[in-house]
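Peer 1: input.cif is reproduced in full below (mmCIF, C-alpha atoms).
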```cif
data_work
#
loop_
_atom_site.label_atom_id
_atom_site.label_comp_id
_atom_site.auth_asym_id
_atom_site.auth_seq_id
_atom_site.Cartn_x
_atom_site.Cartn_y
_atom_site.Cartn_z
CA MET A 130 -36.37 -114.18 75.19
CA SER A 131 -36.81 -116.49 78.17
CA ILE A 132 -39.73 -118.77 78.71
CA GLY A 133 -39.72 -118.06 82.45
CA TRP A 134 -43.29 -116.79 82.17
CA LEU A 135 -44.32 -120.46 82.05
CA LEU A 136 -43.72 -120.53 85.80
CA GLU A 137 -46.61 -118.12 86.40
CA PRO A 138 -49.24 -120.17 88.24
CA TYR A 139 -52.02 -121.70 86.17
CA VAL A 140 -51.12 -120.13 82.81
CA VAL A 141 -49.88 -123.37 81.19
CA ASP A 142 -49.73 -126.85 82.72
CA CYS A 143 -47.67 -128.70 80.13
CA VAL A 144 -45.64 -127.78 77.07
CA THR A 145 -43.53 -130.09 74.92
CA PHE A 146 -41.00 -128.89 72.36
CA ALA A 147 -39.70 -131.15 69.57
CA ARG A 148 -36.82 -130.19 67.28
CA HIS A 149 -37.18 -130.77 63.52
CA VAL A 150 -40.71 -132.19 63.86
CA GLU A 151 -43.67 -130.50 62.23
CA PRO A 152 -46.44 -129.34 64.61
CA ALA A 153 -49.03 -131.80 63.26
CA ALA A 154 -46.51 -134.63 63.58
CA LEU A 155 -45.78 -133.64 67.18
CA ALA A 156 -49.50 -133.70 67.99
CA SER A 157 -49.76 -137.14 66.38
CA ARG A 158 -46.74 -138.43 68.32
CA LEU A 159 -48.50 -137.31 71.50
CA GLY A 160 -51.57 -139.32 70.49
CA ALA A 161 -53.72 -136.43 69.26
CA ALA A 162 -55.49 -135.95 65.94
CA PRO A 163 -57.25 -133.04 64.28
CA ARG A 164 -60.92 -132.71 65.11
CA PRO A 165 -63.06 -132.19 61.99
CA ASP A 166 -65.35 -129.58 63.54
CA VAL A 167 -62.61 -127.48 65.19
CA SER A 168 -59.29 -126.58 63.62
CA TRP A 169 -58.08 -123.42 65.38
CA GLY A 170 -58.64 -122.09 68.88
CA SER A 171 -57.56 -120.21 71.97
CA ALA A 172 -56.48 -121.52 75.34
CA GLN A 173 -60.06 -121.04 76.53
CA ASP A 174 -61.40 -123.02 73.55
CA ALA A 175 -59.05 -125.88 74.44
CA ALA A 176 -60.12 -125.83 78.08
CA ASP A 177 -63.80 -125.74 77.08
CA MET A 178 -63.35 -128.80 74.84
CA LEU A 179 -62.40 -130.84 77.93
CA ALA A 180 -66.04 -130.69 79.05
CA ASP A 181 -66.71 -133.39 76.41
CA PRO A 182 -66.33 -136.71 78.32
CA GLU A 183 -64.88 -138.37 75.21
CA ILE A 184 -61.93 -135.97 75.08
CA LEU A 185 -58.92 -136.87 77.23
CA ALA A 186 -56.61 -134.06 76.14
CA VAL A 187 -56.34 -131.10 73.79
CA ALA A 188 -53.07 -129.90 72.26
CA ARG A 189 -52.53 -126.47 70.72
CA VAL A 190 -49.52 -126.64 68.42
CA GLY A 191 -47.18 -124.31 66.61
CA ARG A 192 -43.61 -123.80 65.49
CA LEU A 193 -40.84 -121.32 66.27
CA GLY A 194 -37.54 -121.85 64.48
CA ASP A 195 -36.34 -125.46 64.64
CA TRP A 196 -38.74 -126.32 67.46
CA SER A 197 -42.40 -127.24 67.24
CA PHE A 198 -44.39 -127.01 70.45
CA ALA A 199 -47.52 -128.55 71.90
CA VAL A 200 -49.31 -126.90 74.81
CA GLU A 201 -51.49 -129.62 76.31
CA TYR A 202 -54.65 -129.37 78.36
CA GLY A 203 -56.23 -132.25 80.24
CA ASP A 204 -54.51 -135.65 80.45
CA ALA A 205 -51.20 -134.53 78.89
CA ALA A 206 -49.01 -137.12 77.15
CA GLY A 207 -45.99 -134.80 76.94
CA PRO A 208 -44.59 -135.42 80.41
CA THR A 209 -44.97 -139.20 80.17
CA GLU A 210 -42.16 -141.53 79.19
CA TRP A 211 -44.11 -142.84 76.18
CA GLY A 212 -44.96 -139.30 75.08
CA LEU A 213 -41.37 -138.07 75.24
CA ARG A 214 -39.99 -141.21 73.60
CA ALA A 215 -42.44 -140.71 70.74
CA ALA A 216 -41.84 -136.95 70.47
CA SER A 217 -38.06 -137.43 70.25
CA GLY A 218 -38.01 -140.66 68.22
CA GLY A 219 -36.32 -141.07 64.87
CA GLY A 220 -33.28 -138.99 65.78
CA GLY A 221 -35.20 -136.06 67.23
CA GLU A 222 -35.08 -134.15 70.48
CA ALA A 223 -37.85 -133.25 72.91
CA VAL A 224 -38.00 -130.93 75.90
CA ASN A 225 -40.95 -130.97 78.27
CA PHE A 226 -42.05 -128.72 81.09
CA LEU A 227 -44.71 -130.00 83.46
CA LEU A 228 -45.74 -126.93 85.45
CA THR A 229 -47.23 -127.73 88.83
CA PRO A 230 -47.58 -124.67 91.07
CA TRP A 231 -50.04 -126.61 93.25
CA HIS A 232 -47.39 -129.28 93.96
CA PRO A 233 -43.85 -127.95 93.40
CA PRO A 234 -41.47 -128.45 91.86
CA SER A 235 -42.38 -128.02 88.23
CA MET A 236 -40.42 -130.50 86.12
CA PHE A 237 -38.03 -130.30 83.17
CA ALA A 238 -37.20 -133.32 80.97
CA TYR A 239 -35.01 -133.74 77.88
CA TYR A 240 -35.08 -136.78 75.56
CA SER A 241 -32.92 -137.42 72.51
CA ASP A 242 -33.79 -140.11 69.95
CA GLY A 243 -36.20 -141.75 72.39
CA VAL A 244 -33.65 -141.82 75.26
CA HIS A 245 -34.22 -140.03 78.55
CA MET A 246 -31.16 -137.79 78.84
CA CYS A 247 -31.79 -135.36 81.69
CA SER A 248 -34.53 -134.33 84.11
CA PHE A 249 -34.80 -132.27 87.25
CA GLY A 250 -37.24 -130.22 89.27
CA ILE A 251 -37.14 -126.49 88.59
CA GLY A 252 -35.70 -125.14 91.83
CA GLU A 253 -34.27 -128.55 92.74
CA GLU A 254 -31.49 -128.73 90.15
CA GLY A 255 -29.18 -130.48 92.63
CA TRP A 256 -31.14 -133.71 92.08
CA ARG A 257 -30.96 -134.83 88.46
CA TRP A 258 -31.55 -138.10 86.62
CA GLY A 259 -31.43 -139.62 83.14
CA THR A 260 -28.58 -141.11 81.10
CA ALA A 261 -26.80 -137.70 81.02
CA PRO A 262 -28.01 -136.07 84.24
CA ASP A 263 -25.18 -133.52 84.28
CA LEU A 264 -25.85 -132.25 80.74
CA LEU A 265 -26.80 -128.75 81.93
CA VAL A 266 -24.53 -128.58 85.00
CA PRO A 267 -21.87 -126.35 83.35
CA ASP A 268 -24.57 -123.88 82.26
CA LEU A 269 -26.33 -124.04 85.64
CA ASN A 270 -22.98 -123.42 87.41
CA ARG A 271 -22.12 -120.44 85.17
CA ALA A 272 -25.52 -118.90 85.86
CA GLY A 273 -25.16 -119.38 89.63
CA VAL A 274 -28.04 -121.84 89.92
CA LEU A 275 -25.64 -124.54 91.17
CA PRO A 276 -24.17 -125.53 93.53
CA VAL A 277 -27.22 -125.34 95.81
CA GLY A 278 -29.50 -127.60 97.74
CA PRO A 279 -33.27 -127.60 97.45
CA GLN A 280 -34.74 -124.16 96.88
CA ARG A 281 -38.11 -122.69 96.08
CA ASP A 282 -36.94 -119.14 95.29
CA PRO A 283 -38.91 -117.93 92.23
CA ARG A 284 -35.85 -115.92 91.06
CA GLY A 285 -33.76 -119.10 91.05
CA ALA A 286 -36.47 -120.96 89.16
CA ARG A 287 -36.62 -118.22 86.50
CA LEU A 288 -32.83 -118.27 86.24
CA SER A 289 -32.96 -122.03 85.71
CA MET A 290 -35.59 -121.55 82.98
CA SER A 291 -33.28 -118.98 81.34
CA VAL A 292 -30.45 -121.52 81.32
CA ILE A 293 -32.67 -124.17 79.70
CA THR A 294 -34.00 -121.62 77.19
CA ALA A 295 -30.51 -120.58 76.15
CA HIS A 296 -29.08 -124.11 76.05
CA PHE A 297 -31.77 -125.46 73.72
CA GLY A 298 -32.64 -122.25 71.89
CA LEU A 299 -36.30 -122.36 72.95
CA ARG A 300 -38.77 -119.53 72.43
CA LEU A 301 -42.44 -119.29 73.30
CA PRO A 302 -44.11 -115.87 73.26
CA ARG A 303 -46.59 -115.58 76.11
CA ARG A 304 -49.12 -113.55 74.11
CA ASP A 305 -49.32 -116.23 71.38
CA ILE A 306 -50.03 -118.96 73.93
CA VAL A 307 -52.29 -117.09 76.31
CA ASP A 308 -54.19 -114.82 73.93
CA GLY A 309 -53.61 -116.18 70.43
CA GLY A 310 -55.27 -118.89 68.37
CA LEU A 311 -53.40 -122.06 67.41
CA PRO A 312 -54.27 -125.31 65.62
CA LEU A 313 -56.14 -127.71 67.92
CA TYR A 314 -55.69 -131.47 68.15
CA VAL A 315 -57.53 -133.85 70.46
CA ARG A 316 -56.78 -137.17 72.09
CA SER A 317 -60.05 -138.94 72.69
CA ARG A 318 -61.12 -142.13 74.42
CA LEU A 319 -62.04 -143.62 71.06
CA ARG A 320 -58.59 -143.23 69.48
#
```
Using structure tokens, write down the structure that the file contains.
Peer 2:
Amino acid sequence: MSIGWLLEPYVVDCVTFARHVEPAALASRLGAAPRPDVSWGSAQDAADMLADPEILAVARVGRLGDWSFAVEYGDAAGPTEWGLRAASGGGGEAVNFLLTPWHPPSMFAYYSDGVHMCSFGIGEEGWRWGTAPDLLVPDLNRAGVLPVGPQRDPRGARLSMSVITAHFGLRLPRRDIVDGGLPLYVRSRLR
């Protein structure tokens, strides 16, 4: 099961995966805490909570296999250096997708034990950075994503997402994220 559906415009803006970290711990590492009056909600509930001027971000969290995930709304911490260092700290791993259809490319980042290992734009895999920028190059070559220059072909972007999905063993069912309810955590101005 690929997570290529994440590339559909405006379905999800940011999702962070963390291996061997409980969902509540991932939310905490991203600076969010449970809200006493709300404990479970849909994507729409999360978006509606952002109308409160004291709330900076809302994270809906869950777990599939070894990976917990946080889908963030608002001022997401997941794609930031501090957020990914925290999410992967203590010997962990974190993968983040910042999905920006309004300003391509969407971004992929991988951190291990607080260290930035590999990042690239989805559809711009020829330009990579981090301490191990070529980590996924063999997989990207086998799949036919590389060698290429800049591209914006949606098929190539989905193929790249399939490579990342397979390499890290990520899963994220669309129906659970779009239609389902998940535990809600908030990052507020007061925290």
Peer 1: So which residues get picked by the PyMOL selection byres ((chain A and resi 245) around 12) here, written as number ranges by chain?
Peer 2: A: 208-218, 222-225, 237-244, 246-249, 257-262, 264
Peer 1: Determine the residue set returned by the PyMOL selection byres ((chain A and resi 297) around 10) for the present structure, and present it as a list in words.
Peer 2: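 With the shown file as input, the PyMOL selection byres ((chain A and resi 297) around 10) matches Phe146, Arg148, Trp196, Glu222, Ala223, Val224, Tyr239, Val292, Ile293, Thr294, Ala295, His296, Gly298, Leu299 and Arg300 of chain A.
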Peer 1: Using C-alpha atoms, can you export the residues from the last selection as a PDB file, keeping the file's coordinate frame?
Peer 2:
```pdb
ATOM      1  CA  PHE A 146     -41.000-128.890  72.360  1.00  0.00           C
ATOM      2  CA  ARG A 148     -36.820-130.190  67.280  1.00  0.00           C
ATOM      3  CA  TRP A 196     -38.740-126.320  67.460  1.00  0.00           C
ATOM      4  CA  GLU A 222     -35.080-134.150  70.480  1.00  0.00           C
ATOM      5  CA  ALA A 223     -37.850-133.250  72.910  1.00  0.00           C
ATOM      6  CA  VAL A 224     -38.000-130.930  75.900  1.00  0.00           C
ATOM      7  CA  TYR A 239     -35.010-133.740  77.880  1.00  0.00           C
ATOM      8  CA  VAL A 292     -30.450-121.520  81.320  1.00  0.00           C
ATOM      9  CA  ILE A 293     -32.670-124.170  79.700  1.00  0.00           C
ATOM     10  CA  THR A 294     -34.000-121.620  77.190  1.00  0.00           C
ATOM     11  CA  ALA A 295     -30.510-120.580  76.150  1.00  0.00           C
ATOM     12  CA  HIS A 296     -29.080-124.110  76.050  1.00  0.00           C
ATOM     13  CA  GLY A 298     -32.640-122.250  71.890  1.00  0.00           C
ATOM     14  CA  LEU A 299     -36.300-122.360  72.950  1.00  0.00           C
ATOM     15  CA  ARG A 300     -38.770-119.530  72.430  1.00  0.00           C
TER      16      ARG A 300
END
```
Peer 1: Run the PyMOL selection byres ((chain A and resi 268-273) around 8) against the file shown and list the residues it catches, as JSON, numbers by chain.
Peer 2: {"A": [265, 266, 267, 274, 275, 276, 288, 289, 292, 296]}
Peer 1: Looking at all atoms listed in the file, which of A:His149, A:Arg284, A:Arg304, A:Arg189 is the one that sits closest to Ala161 in chain A?
Peer 2: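 Closest to Ala161 in chain A of all the choices is A:Arg189.
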Peer 1: Grab the CA of Val200 in chain A to CA of Gln173 in chain A distance for me, in Å with one decimal place.
Peer 2: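 Interatomic distance, CA of Val200 in chain A to CA of Gln173 in chain A: 12.4 Å.
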Peer 1: Which is closer to Ile184 in chain A than all the others in A:Gly207, A:Pro138, A:Pro234, A:Gly160, using all atoms listed in the file?
Peer 2: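 Of all the options, A:Gly160 lies closest to Ile184 in chain A.
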Peer 1: Here is a test: counting all atoms listed in the file, which residue of A:Gly170, A:Gly194, A:Gly203, A:Gly221 is nearest to Ala154 in chain A?
Peer 2: A:Gly221
Peer 1: Restricting the calculation to all atoms listed in the file, which member of A:Leu185, A:Val190, A:Ile132, A:Ala180 is positioned closest to Ser317 in chain A?
Peer 2: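 Comparing A:Leu185, A:Val190, A:Ile132, A:Ala180 against Ser317 in chain A, the winner is A:Leu185.
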Peer 1: Can you measure CA of Trp231 in chain A to CA of Glu253 in chain A for me? One decimal in Å is fine.
Peer 2: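 Distance between the two atoms: 15.9 Å.
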Peer 1: Kindly extract all protein, DNA and RNA residues lying within 6 Å of the coordinates (-55.9, -131.9, 70.9) given in the file, considering only C-alpha atoms, and supply them as a PyMOL selection string.
Peer 2: chain A and resi 161+186-188+313-316
Peer 1: Mind checking which residues fall within 8 Å of Leu155 in chain A, counting all atoms listed in the file, ignoring those fewer than 6 positions away in the same chain, and posting them as a ChimeraX atom specification?
Peer 2: /A:147,197-199,216
Peer 1: If I take CA of Arg192 in chain A and CA of Gly309 in chain A, how far is one from the other in Å, to one decimal?
Peer 2: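 CA of Gly309 in chain A lies at a distance of 13.5 Å from CA of Arg192 in chain A.
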Peer 1: Is it possible to get the residues within 8 Å of (-59.2, -118.2, 71.2) (coordinates as in the file, counting only C-alpha atoms) written as a list in words?
Peer 2: Trp169, Gly170, Ser171, Ala172, Gln173, Asp174, Asp308, Gly309, Gly310 and Leu311 of chain A
